[in-house]
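Engineer: Starting off with a structure, shown below.
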Amino acid sequence: MLPTDTPDPIVAKTSQDLEAILISDDGDFKKVAGRRPNAHKPRFRKLSRVNMKCKHAVAATRIAAAITLIEFEYEIAQERADKRMIIDVQPTLIRTLR
(Lines give C-alpha, C1' and ligand atoms only; values in the text may rest on other atoms or scores of the structure.)
Protein backbone atom coordinates (compact mmCIF):
# COMPACT_ATOMS: atom_id res chain seq x y z
CA MET A 1 0.00 0.00 0.00
CA LEU A 2 1.28 3.45 -0.87
CA PRO A 3 1.40 6.33 1.63
CA THR A 4 -1.48 8.82 1.31
CA ASP A 5 0.87 11.60 0.19
CA THR A 6 2.31 9.61 -2.73
CA PRO A 7 2.36 11.73 -5.92
CA ASP A 8 -0.39 10.91 -8.44
CA PRO A 9 1.99 9.72 -11.20
CA ILE A 10 3.47 7.09 -8.85
CA VAL A 11 -0.01 5.97 -7.75
CA ALA A 12 -1.04 5.67 -11.41
CA LYS A 13 2.10 3.74 -12.39
CA THR A 14 1.76 1.34 -9.45
CA SER A 15 -1.92 0.69 -10.20
CA GLN A 16 -1.19 0.11 -13.88
CA ASP A 17 1.73 -2.21 -13.14
CA LEU A 18 -0.45 -4.27 -10.78
CA GLU A 19 -3.31 -4.25 -13.32
CA ALA A 20 -5.44 -2.88 -10.49
CA ILE A 21 -8.46 -0.62 -10.72
CA LEU A 22 -7.55 2.71 -9.15
CA ILE A 23 -10.27 4.26 -7.00
CA SER A 24 -9.61 7.97 -6.70
CA ASP A 25 -11.35 10.88 -5.06
CA ASP A 26 -8.72 13.27 -6.37
CA GLY A 27 -10.58 15.77 -8.56
CA ASP A 28 -7.54 16.60 -10.66
CA PHE A 29 -6.38 13.00 -11.24
CA LYS A 30 -7.63 13.05 -14.82
CA LYS A 31 -4.83 15.56 -15.56
CA VAL A 32 -2.38 12.74 -14.81
CA ALA A 33 -4.28 9.93 -16.54
CA GLY A 34 -7.17 11.22 -18.62
CA ARG A 35 -9.32 9.16 -20.98
CA ARG A 36 -7.55 10.63 -23.99
CA PRO A 37 -3.90 10.83 -22.98
CA ASN A 38 -1.90 13.75 -24.28
CA ALA A 39 1.00 12.85 -26.54
CA HIS A 40 3.40 13.64 -23.70
CA LYS A 41 1.53 11.44 -21.19
CA PRO A 42 1.27 8.04 -22.92
CA ARG A 43 2.49 6.05 -19.92
CA PHE A 44 -0.94 5.33 -18.39
CA ARG A 45 -2.74 3.94 -21.43
CA LYS A 46 -3.66 0.76 -19.53
CA LEU A 47 -4.86 2.34 -16.27
CA SER A 48 -8.45 1.63 -15.19
CA ARG A 49 -10.03 4.11 -12.76
CA VAL A 50 -13.12 4.68 -10.68
CA ASN A 51 -13.47 8.40 -10.00
CA MET A 52 -15.33 9.14 -6.77
CA LYS A 53 -17.17 12.40 -7.20
CA CYS A 54 -19.13 12.28 -3.97
CA LYS A 55 -18.50 12.98 -0.29
CA HIS A 56 -16.48 10.47 1.71
CA ALA A 57 -19.49 9.81 3.95
CA VAL A 58 -21.40 8.16 1.08
CA ALA A 59 -18.45 6.77 -0.90
CA ALA A 60 -18.67 3.21 0.47
CA THR A 61 -22.42 3.08 -0.18
CA ARG A 62 -21.95 4.37 -3.73
CA ILE A 63 -19.15 1.85 -4.45
CA ALA A 64 -21.38 -0.95 -3.14
CA ALA A 65 -24.13 0.23 -5.48
CA ALA A 66 -21.68 0.35 -8.40
CA ILE A 67 -19.70 -2.86 -7.83
CA THR A 68 -21.72 -4.97 -10.27
CA LEU A 69 -21.31 -2.31 -12.96
CA ILE A 70 -17.58 -1.98 -12.21
CA GLU A 71 -17.07 -5.74 -12.53
CA PHE A 72 -19.13 -5.86 -15.74
CA GLU A 73 -17.28 -2.96 -17.34
CA TYR A 74 -13.93 -4.47 -16.36
CA GLU A 75 -14.82 -7.76 -18.07
CA ILE A 76 -15.95 -5.88 -21.21
CA ALA A 77 -12.73 -3.86 -21.21
CA GLN A 78 -10.59 -6.99 -21.10
CA GLU A 79 -12.02 -8.03 -24.47
CA ARG A 80 -11.10 -4.72 -26.14
CA ALA A 81 -7.76 -3.55 -27.49
CA ASP A 82 -8.04 -0.56 -25.12
CA LYS A 83 -8.40 -2.37 -21.81
CA ARG A 84 -8.97 0.76 -19.73
CA MET A 85 -12.15 1.22 -17.81
CA ILE A 86 -13.17 4.61 -16.44
CA ILE A 87 -16.22 5.06 -14.25
CA ASP A 88 -17.44 8.23 -12.52
CA VAL A 89 -19.37 7.66 -9.30
CA GLN A 90 -21.43 10.68 -8.25
CA PRO A 91 -24.06 11.14 -5.52
CA THR A 92 -26.97 10.37 -7.88
CA LEU A 93 -25.23 9.07 -11.01
CA ILE A 94 -22.84 6.30 -12.00
CA ARG A 95 -21.36 6.86 -15.46
CA THR A 96 -19.12 4.68 -17.61
CA LEU A 97 -16.74 6.37 -20.04
CA ARG A 98 -15.86 4.16 -23.01
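Order determines the names: the first chain of the C-alpha coordinates is A, the second B, and so forth; residues in each chain are numbered 1 upward, and ligands are numbered 1 upward as they are shown.
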Mind the document's chain letters and residue numbers, and return as a count of residues only the residues of stretch 23-92 of chain A that DSSP labels strand (DSSP E or B).

Structural biologist: 11

Engineer: Record the distance separating atom CA of A:Leu97 and atom CA of A:His56, expressed in Å with one decimal.

Structural biologist: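 Calculated distance between atom CA of A:Leu97 and atom CA of A:His56 is 22.1 Å.
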
Engineer: I'd like to know which of A:Cys54, A:Lys30, A:Arg84, A:Ala59 is closest to A:Gln16, using only C-alpha atoms.

Structural biologist: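 Nearest to A:Gln16: A:Arg84.
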
Engineer: Leaving out A:Val89 and any residue of its chain fewer than 4 positions from it, which residues lie within 12 Å of it when counting only C-alpha atoms, given as a tab-separated table (two decimals) with N, CA and C atoms, in the first residue's frame?

Structural biologist:
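Output below, filename selection.tsv:
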```
chain	number	residue	atom	x	y	z
A	23	ILE	N	-9.13	3.50	-7.49
A	23	ILE	CA	-10.27	4.26	-7.00
A	23	ILE	C	-9.71	5.56	-6.45
A	24	SER	N	-10.16	6.67	-7.05
A	24	SER	CA	-9.61	7.97	-6.70
A	24	SER	C	-10.71	8.96	-6.36
A	25	ASP	N	-10.44	9.77	-5.36
A	25	ASP	CA	-11.35	10.88	-5.06
A	25	ASP	C	-10.62	12.20	-5.28
A	27	GLY	N	-9.91	15.10	-7.46
A	27	GLY	CA	-10.58	15.77	-8.56
A	27	GLY	C	-9.71	16.10	-9.75
A	49	ARG	N	-9.76	3.25	-13.91
A	49	ARG	CA	-10.03	4.11	-12.76
A	49	ARG	C	-11.51	4.17	-12.44
A	50	VAL	N	-11.79	4.32	-11.16
A	50	VAL	CA	-13.12	4.68	-10.68
A	50	VAL	C	-12.94	6.03	-9.99
A	51	ASN	N	-13.58	7.04	-10.53
A	51	ASN	CA	-13.47	8.40	-10.00
A	51	ASN	C	-14.62	8.66	-9.03
A	52	MET	N	-14.31	8.85	-7.77
A	52	MET	CA	-15.33	9.14	-6.77
A	52	MET	C	-15.59	10.64	-6.78
A	53	LYS	N	-16.78	10.99	-7.14
A	53	LYS	CA	-17.17	12.40	-7.20
A	53	LYS	C	-18.32	12.64	-6.22
A	54	CYS	N	-18.15	12.10	-5.02
A	54	CYS	CA	-19.13	12.28	-3.97
A	54	CYS	C	-18.40	12.39	-2.64
A	55	LYS	N	-19.10	12.79	-1.60
A	55	LYS	CA	-18.50	12.98	-0.29
A	55	LYS	C	-18.06	11.65	0.29
A	56	HIS	N	-17.01	11.68	1.10
A	56	HIS	CA	-16.48	10.47	1.71
A	56	HIS	C	-17.54	9.72	2.51
A	58	VAL	N	-20.55	9.04	1.89
A	58	VAL	CA	-21.40	8.16	1.08
A	58	VAL	C	-20.59	7.32	0.09
A	59	ALA	N	-19.29	7.46	0.09
A	59	ALA	CA	-18.45	6.77	-0.90
A	59	ALA	C	-18.60	5.25	-0.84
A	60	ALA	N	-18.57	4.67	0.35
A	60	ALA	CA	-18.67	3.21	0.47
A	60	ALA	C	-20.03	2.72	-0.03
A	61	THR	N	-21.08	3.45	0.28
A	61	THR	CA	-22.42	3.08	-0.18
A	61	THR	C	-22.51	3.16	-1.70
A	62	ARG	N	-21.92	4.20	-2.27
A	62	ARG	CA	-21.95	4.37	-3.73
A	62	ARG	C	-21.13	3.28	-4.42
A	63	ILE	N	-19.97	2.93	-3.87
A	63	ILE	CA	-19.15	1.85	-4.45
A	63	ILE	C	-19.93	0.53	-4.39
A	64	ALA	N	-20.58	0.27	-3.26
A	64	ALA	CA	-21.38	-0.95	-3.14
A	64	ALA	C	-22.48	-0.98	-4.20
A	65	ALA	N	-23.09	0.16	-4.46
A	65	ALA	CA	-24.13	0.23	-5.48
A	65	ALA	C	-23.57	0.05	-6.88
A	66	ALA	N	-22.30	0.39	-7.07
A	66	ALA	CA	-21.68	0.35	-8.40
A	66	ALA	C	-20.87	-0.91	-8.66
A	67	ILE	N	-20.65	-1.76	-7.67
A	67	ILE	CA	-19.70	-2.86	-7.83
A	67	ILE	C	-20.06	-3.81	-8.97
A	69	LEU	N	-21.65	-3.03	-11.74
A	69	LEU	CA	-21.31	-2.31	-12.96
A	69	LEU	C	-19.80	-2.27	-13.17
A	70	ILE	N	-19.05	-2.02	-12.11
A	70	ILE	CA	-17.58	-1.98	-12.21
A	70	ILE	C	-17.05	-3.32	-12.70
A	93	LEU	N	-25.52	9.54	-9.65
A	93	LEU	CA	-25.23	9.07	-11.01
A	93	LEU	C	-23.98	8.21	-11.00
A	94	ILE	N	-24.01	7.13	-11.76
A	94	ILE	CA	-22.84	6.30	-12.00
A	94	ILE	C	-22.69	6.24	-13.51
A	95	ARG	N	-21.54	6.71	-14.02
A	95	ARG	CA	-21.36	6.86	-15.46
A	95	ARG	C	-20.10	6.12	-15.93
A	96	THR	N	-20.25	5.37	-17.00
A	96	THR	CA	-19.12	4.68	-17.61
A	96	THR	C	-18.64	5.49	-18.80
A	97	LEU	N	-17.33	5.67	-18.90
A	97	LEU	CA	-16.74	6.37	-20.04
A	97	LEU	C	-16.02	5.34	-20.90
```

Engineer: Interatomic distance between atom CA of A:Asp26 and atom CA of A:Asp8?

Structural biologist: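 Spanning atom CA of A:Asp26 to atom CA of A:Asp8 is a straight-line distance of 8.9 Å.
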